[in-house]
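Here the structure comes first, spelled out in C-alpha coordinates, and everything after it is commentary.
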Amino acid sequence: MEVLFCLLNATGAKDTLWLVLDSDALPLVDNNNPGFDPQFGEYPIELDPEGFNVWTPGGIGIFLKTFALPLNYYPGATIYANNYVLPITLSWDTALFRAPVLLQNIIGPINAPLLNNDYFFNYHANLGWPSYCMLYDTQVEMPWFSWGSQDQFPLMCTMSRGWGNPLSSSNILPSPRPLKLYPNPMQDLLRVESTSAWYEAIVLDAQGKVVLQVRYTAVQPGLDVSRLPAGAYILHLVDVAGEKIGAEKFVKH
(Lines give C-alpha, C1' and ligand atoms only; values in the text may rest on other atoms or scores of the structure.)
Protein backbone atom coordinates (compact mmCIF):
# COMPACT_ATOMS: atom_id res chain seq x y z
CA MET A 1 0.00 0.00 0.00
CA GLU A 2 1.60 3.22 -1.08
CA VAL A 3 1.03 6.82 -2.05
CA LEU A 4 2.99 8.35 -4.92
CA PHE A 5 3.48 12.10 -4.70
CA CYS A 6 4.44 13.69 -8.01
CA LEU A 7 5.58 17.33 -8.12
CA LEU A 8 5.88 19.31 -11.37
CA ASN A 9 7.29 22.85 -11.20
CA ALA A 10 6.89 25.81 -13.56
CA THR A 11 9.96 24.86 -15.61
CA GLY A 12 8.54 21.42 -16.43
CA ALA A 13 10.94 19.63 -14.07
CA LYS A 14 9.34 16.71 -12.24
CA ASP A 15 10.23 14.67 -9.17
CA THR A 16 8.48 12.02 -7.09
CA LEU A 17 8.24 10.75 -3.53
CA TRP A 18 6.81 7.44 -2.24
CA LEU A 19 5.11 6.88 1.11
CA VAL A 20 4.75 3.14 1.80
CA LEU A 21 2.86 1.18 4.46
CA ASP A 22 3.65 -2.52 4.75
CA SER A 23 3.51 -5.08 7.54
CA ASP A 24 7.09 -6.10 6.64
CA ALA A 25 8.50 -2.57 6.96
CA LEU A 26 10.97 -1.92 9.76
CA PRO A 27 9.68 0.18 12.69
CA LEU A 28 11.01 3.70 13.09
CA VAL A 29 13.69 3.57 15.82
CA ASP A 30 14.21 7.32 16.04
CA ASN A 31 14.70 10.27 13.67
CA ASN A 32 18.45 9.66 13.46
CA ASN A 33 18.19 5.91 12.96
CA PRO A 34 15.08 5.10 10.93
CA GLY A 35 16.18 1.62 9.87
CA PHE A 36 16.20 1.64 6.07
CA ASP A 37 14.26 -0.95 4.08
CA PRO A 38 15.98 -1.54 0.70
CA GLN A 39 13.23 -4.06 -0.19
CA PHE A 40 10.89 -1.07 -0.52
CA GLY A 41 13.43 1.13 -2.28
CA GLU A 42 14.09 3.04 0.95
CA TYR A 43 17.73 4.08 1.19
CA PRO A 44 19.63 7.37 1.40
CA ILE A 45 20.18 9.29 -1.84
CA GLU A 46 22.35 12.17 -2.96
CA LEU A 47 20.58 15.29 -4.16
CA ASP A 48 21.38 16.72 -7.58
CA PRO A 49 22.82 20.17 -6.76
CA GLU A 50 21.56 21.58 -10.08
CA GLY A 51 18.23 19.79 -10.54
CA PHE A 52 14.77 19.92 -9.00
CA ASN A 53 14.82 17.67 -5.93
CA VAL A 54 11.98 16.45 -3.72
CA TRP A 55 12.71 14.42 -0.59
CA THR A 56 11.75 13.57 2.97
CA PRO A 57 14.38 13.54 5.73
CA GLY A 58 15.51 10.18 7.09
CA GLY A 59 17.72 11.66 9.80
CA ILE A 60 20.33 14.39 10.01
CA GLY A 61 21.78 14.92 6.53
CA ILE A 62 19.90 11.90 5.11
CA PHE A 63 17.54 12.30 2.14
CA LEU A 64 14.92 9.73 1.14
CA LYS A 65 12.76 9.28 -1.98
CA THR A 66 10.85 6.41 -0.35
CA PHE A 67 9.63 6.39 3.24
CA ALA A 68 8.46 2.96 4.45
CA LEU A 69 6.51 2.43 7.68
CA PRO A 70 4.82 -0.56 9.31
CA LEU A 71 1.12 -1.01 8.66
CA ASN A 72 0.00 0.03 12.15
CA TYR A 73 1.78 3.42 12.03
CA TYR A 74 0.03 6.72 11.49
CA PRO A 75 1.62 7.53 8.12
CA GLY A 76 3.02 10.92 7.30
CA ALA A 77 6.04 12.71 5.92
CA THR A 78 7.55 16.16 5.69
CA ILE A 79 8.22 17.01 2.05
CA TYR A 80 11.13 19.25 1.13
CA ALA A 81 12.23 20.57 -2.27
CA ASN A 82 14.91 22.78 -3.78
CA ASN A 83 15.85 24.31 -7.13
CA TYR A 84 12.20 24.89 -7.99
CA VAL A 85 10.17 27.60 -9.69
CA LEU A 86 6.57 28.21 -8.54
CA PRO A 87 3.84 27.35 -9.22
CA ILE A 88 4.21 23.65 -8.48
CA THR A 89 1.51 21.11 -9.28
CA LEU A 90 1.34 18.39 -6.64
CA SER A 91 -0.52 15.21 -7.54
CA TRP A 92 -1.01 12.00 -5.60
CA ASP A 93 -2.34 8.48 -5.95
CA THR A 94 -5.17 7.71 -3.51
CA ALA A 95 -4.68 3.92 -3.58
CA LEU A 96 -3.46 3.86 0.01
CA PHE A 97 -6.56 5.66 1.27
CA ARG A 98 -8.79 2.93 -0.19
CA ALA A 99 -6.72 -0.13 0.78
CA PRO A 100 -9.16 -2.78 2.12
CA VAL A 101 -6.71 -3.92 4.79
CA LEU A 102 -6.84 -0.45 6.36
CA LEU A 103 -10.64 -0.58 6.52
CA GLN A 104 -10.37 -3.91 8.35
CA ASN A 105 -7.53 -2.85 10.65
CA ILE A 106 -8.40 -2.40 14.32
CA ILE A 107 -6.63 0.98 14.40
CA GLY A 108 -9.05 2.23 11.78
CA PRO A 109 -8.95 3.66 8.26
CA ILE A 110 -7.30 6.86 7.06
CA ASN A 111 -9.97 9.51 7.49
CA ALA A 112 -7.98 12.71 7.01
CA PRO A 113 -4.98 12.75 4.65
CA LEU A 114 -3.95 16.39 4.99
CA LEU A 115 -1.39 18.78 3.52
CA ASN A 116 -0.32 21.65 5.73
CA ASN A 117 2.01 24.65 5.54
CA ASP A 118 1.52 28.43 5.72
CA TYR A 119 -0.30 28.35 2.38
CA PHE A 120 -2.64 25.43 3.13
CA PHE A 121 -3.35 26.41 6.74
CA ASN A 122 -7.15 26.55 7.16
CA TYR A 123 -7.57 25.90 3.39
CA HIS A 124 -10.58 23.58 3.81
CA ALA A 125 -11.93 25.22 6.98
CA ASN A 126 -15.36 25.54 5.38
CA LEU A 127 -15.46 21.74 5.02
CA GLY A 128 -14.37 21.15 8.60
CA TRP A 129 -10.68 20.44 7.82
CA PRO A 130 -7.82 22.52 9.27
CA SER A 131 -5.72 22.24 6.09
CA TYR A 132 -5.91 20.80 2.55
CA CYS A 133 -7.73 17.45 2.52
CA MET A 134 -6.49 15.11 -0.21
CA LEU A 135 -9.79 13.20 -0.34
CA TYR A 136 -11.41 15.90 -2.46
CA ASP A 137 -9.06 15.81 -5.43
CA THR A 138 -5.99 14.07 -6.84
CA GLN A 139 -3.88 17.20 -7.41
CA VAL A 140 -3.49 20.79 -6.27
CA GLU A 141 -1.53 23.83 -7.48
CA MET A 142 0.98 25.38 -5.09
CA PRO A 143 1.61 29.01 -6.16
CA TRP A 144 3.63 31.79 -4.58
CA PHE A 145 1.89 33.51 -1.65
CA SER A 146 2.55 36.76 0.19
CA TRP A 147 2.06 35.84 3.85
CA GLY A 148 3.92 33.85 6.51
CA SER A 149 6.97 32.04 5.22
CA GLN A 150 6.09 32.82 1.57
CA ASP A 151 7.45 29.34 0.83
CA GLN A 152 5.56 26.15 -0.01
CA PHE A 153 8.19 23.99 1.72
CA PRO A 154 8.48 22.25 4.07
CA LEU A 155 5.08 20.72 3.29
CA MET A 156 3.64 18.51 6.03
CA CYS A 157 1.62 15.46 5.03
CA THR A 158 -0.30 13.75 7.84
CA MET A 159 -2.80 10.89 7.63
CA SER A 160 -5.01 10.57 10.71
CA ARG A 161 -6.72 7.23 11.37
CA GLY A 162 -9.55 5.95 13.50
CA TRP A 163 -11.73 9.02 14.00
CA GLY A 164 -14.67 10.51 12.14
CA ASN A 165 -16.75 8.57 9.64
CA PRO A 166 -14.99 5.49 8.21
CA LEU A 167 -13.86 5.72 4.62
CA SER A 168 -15.66 3.84 1.91
CA SER A 169 -15.48 3.87 -1.87
CA SER A 170 -18.26 6.48 -1.87
CA ASN A 171 -16.34 8.90 0.34
CA ILE A 172 -13.45 9.63 -1.98
CA LEU A 173 -12.58 10.06 -5.61
CA PRO A 174 -11.94 6.88 -7.59
CA SER A 175 -8.33 6.13 -8.41
CA PRO A 176 -8.38 4.16 -11.68
CA ARG A 177 -5.32 2.22 -12.71
CA PRO A 178 -4.63 3.11 -16.36
CA LEU A 179 -1.81 0.58 -16.62
CA LYS A 180 -0.79 -2.75 -15.13
CA LEU A 181 2.73 -4.15 -14.84
CA TYR A 182 3.54 -7.83 -14.37
CA PRO A 183 5.30 -9.79 -13.09
CA ASN A 184 6.19 -7.36 -10.30
CA PRO A 185 8.79 -7.87 -8.90
CA MET A 186 10.55 -9.21 -11.98
CA GLN A 187 14.00 -9.85 -13.47
CA ASP A 188 14.40 -9.16 -17.19
CA LEU A 189 11.08 -8.64 -19.01
CA LEU A 190 8.36 -6.32 -17.75
CA ARG A 191 4.98 -6.77 -19.41
CA VAL A 192 2.73 -3.73 -19.74
CA GLU A 193 -1.07 -3.57 -20.07
CA SER A 194 -2.52 -0.12 -20.70
CA THR A 195 -6.08 1.16 -21.09
CA SER A 196 -4.79 3.62 -23.72
CA ALA A 197 -2.45 3.21 -26.68
CA TRP A 198 1.02 4.23 -25.58
CA TYR A 199 3.83 5.64 -27.69
CA GLU A 200 6.76 5.82 -25.31
CA ALA A 201 7.77 4.25 -21.99
CA ILE A 202 10.06 6.19 -19.66
CA VAL A 203 11.69 4.50 -16.66
CA LEU A 204 12.98 6.58 -13.73
CA ASP A 205 15.18 5.31 -10.92
CA ALA A 206 14.70 6.09 -7.21
CA GLN A 207 16.56 9.39 -7.69
CA GLY A 208 14.14 10.48 -10.41
CA LYS A 209 16.70 10.09 -13.24
CA VAL A 210 15.65 8.67 -16.60
CA VAL A 211 17.41 5.32 -17.05
CA LEU A 212 15.44 3.89 -19.99
CA GLN A 213 13.27 5.23 -22.82
CA VAL A 214 11.53 2.85 -25.22
CA ARG A 215 9.29 3.60 -28.21
CA TYR A 216 6.35 1.24 -28.75
CA THR A 217 6.48 -1.42 -31.44
CA ALA A 218 3.63 -3.80 -32.19
CA VAL A 219 5.84 -6.90 -31.94
CA GLN A 220 7.52 -6.24 -28.61
CA PRO A 221 6.37 -8.64 -25.85
CA GLY A 222 7.29 -6.22 -23.08
CA LEU A 223 10.04 -3.95 -21.84
CA ASP A 224 13.52 -5.41 -21.65
CA VAL A 225 14.98 -4.08 -18.39
CA SER A 226 17.70 -6.71 -18.07
CA ARG A 227 20.44 -4.05 -18.16
CA LEU A 228 19.05 -2.14 -15.20
CA PRO A 229 20.52 -2.90 -11.78
CA ALA A 230 18.29 -4.35 -9.08
CA GLY A 231 16.11 -1.77 -7.35
CA ALA A 232 12.84 0.16 -7.42
CA TYR A 233 11.77 2.11 -10.51
CA ILE A 234 8.83 4.11 -11.81
CA LEU A 235 7.46 3.52 -15.32
CA HIS A 236 5.70 6.43 -17.08
CA LEU A 237 3.69 5.85 -20.25
CA VAL A 238 2.89 8.67 -22.68
CA ASP A 239 0.75 8.72 -25.80
CA VAL A 240 1.72 9.93 -29.27
CA ALA A 241 0.80 13.53 -28.34
CA GLY A 242 3.19 13.41 -25.39
CA GLU A 243 0.36 13.31 -22.82
CA LYS A 244 0.87 11.15 -19.74
CA ILE A 245 -1.24 7.98 -19.59
CA GLY A 246 -0.15 6.84 -16.15
CA ALA A 247 2.72 5.75 -13.93
CA GLU A 248 3.40 2.64 -11.87
CA LYS A 249 6.19 1.47 -9.61
CA PHE A 250 8.01 -1.81 -10.24
CA VAL A 251 10.85 -3.67 -8.57
CA LYS A 252 13.66 -5.50 -10.38
CA HIS A 253 15.36 -8.36 -8.55
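Labels for the C-alpha coordinates follow display order: chains A, B, ..., residues from 1 in each chain, ligands from 1.
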
Which of stretch 27-160 of chain A counts as helix (DSSP H, G or I) under DSSP, as a list in words please? Pro38, Gln39, Phe40, Leu96, Phe97, Arg98, Pro100, Val101, Leu102, Leu103, Gln104, Ala125, Asn126, Leu127, Met134, Leu135 and Tyr136 of chain A

As a PyMOL selection string, which residues of stretch 2-145 of chain A does DSSP assign to strand (DSSP E or B)? chain A and resi 2-8+14-21+30+33+45+53-57+63-64+66-69+76-82+88-92+110-116+132-133+139-142

Could you give me, as JSON lines, a per-residue list for stretch 74-96 of chain A showing, wherever an atom lies at most 12 Å from an atom of stretch 46-65 of chain A, the closest pair of atoms and their distance in Å to one decimal, using only C-alpha atoms and sorting by chain then residue number from low to high?
{"residue": "A:Gly76", "atom": "CA", "partner": "A:Thr56", "partner_atom": "CA", "distance": 10.1}
{"residue": "A:Ala77", "atom": "CA", "partner": "A:Thr56", "partner_atom": "CA", "distance": 6.5}
{"residue": "A:Thr78", "atom": "CA", "partner": "A:Thr56", "partner_atom": "CA", "distance": 5.6}
{"residue": "A:Ile79", "atom": "CA", "partner": "A:Thr56", "partner_atom": "CA", "distance": 5.0}
{"residue": "A:Tyr80", "atom": "CA", "partner": "A:Trp55", "partner_atom": "CA", "distance": 5.4}
{"residue": "A:Ala81", "atom": "CA", "partner": "A:Val54", "partner_atom": "CA", "distance": 4.4}
{"residue": "A:Asn82", "atom": "CA", "partner": "A:Asn53", "partner_atom": "CA", "distance": 5.5}
{"residue": "A:Asn83", "atom": "CA", "partner": "A:Phe52", "partner_atom": "CA", "distance": 4.9}
{"residue": "A:Tyr84", "atom": "CA", "partner": "A:Phe52", "partner_atom": "CA", "distance": 5.7}
{"residue": "A:Val85", "atom": "CA", "partner": "A:Phe52", "partner_atom": "CA", "distance": 9.0}
{"residue": "A:Leu86", "atom": "CA", "partner": "A:Phe52", "partner_atom": "CA", "distance": 11.7}
{"residue": "A:Ile88", "atom": "CA", "partner": "A:Phe52", "partner_atom": "CA", "distance": 11.2}
{"residue": "A:Leu90", "atom": "CA", "partner": "A:Val54", "partner_atom": "CA", "distance": 11.2}

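Counting from atom CA of A:Asn72, the distance to atom CA of A:Phe5 is 21.0 Å.
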
Do you know which residues are at most 9 Å from A:Trp144 counting only C-alpha atoms, after dropping those on the same chain fewer than 5 positions away, and could you put them as a PyMOL selection string? chain A and resi 86-87+119+150-152

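The spacing separating atom CA of A:Trp198 from atom CA of A:Leu235 amounts to 12.1 Å.
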
Using only C-alpha atoms, determine which residues lie at most 10 Å from A:Ser149, disregarding the query and same-chain residues fewer than 3 positions distant; provide the list as a ChimeraX atom specification. /A:117-119,145-146,152-154

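Pairwise distance (atom CA of A:Asp239, atom CA of A:Glu141) equals 23.9 Å.
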
Check the smallest atom-to-atom distance from each of A:Pro113, A:Pro27, A:Gly35, A:Gly231 to A:Pro70 using only C-alpha atoms, then report the winner. A:Pro27

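Among the candidates A:Tyr132, A:Pro38, A:Leu69, A:Lys244, the residue lying nearest to A:Asp24 is A:Leu69 (atoms considered: only C-alpha atoms).
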
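Distance check against A:Pro183 using only C-alpha atoms: of A:Leu4, A:Ala13, A:Leu223, A:Ala112, the minimum falls on A:Leu223.
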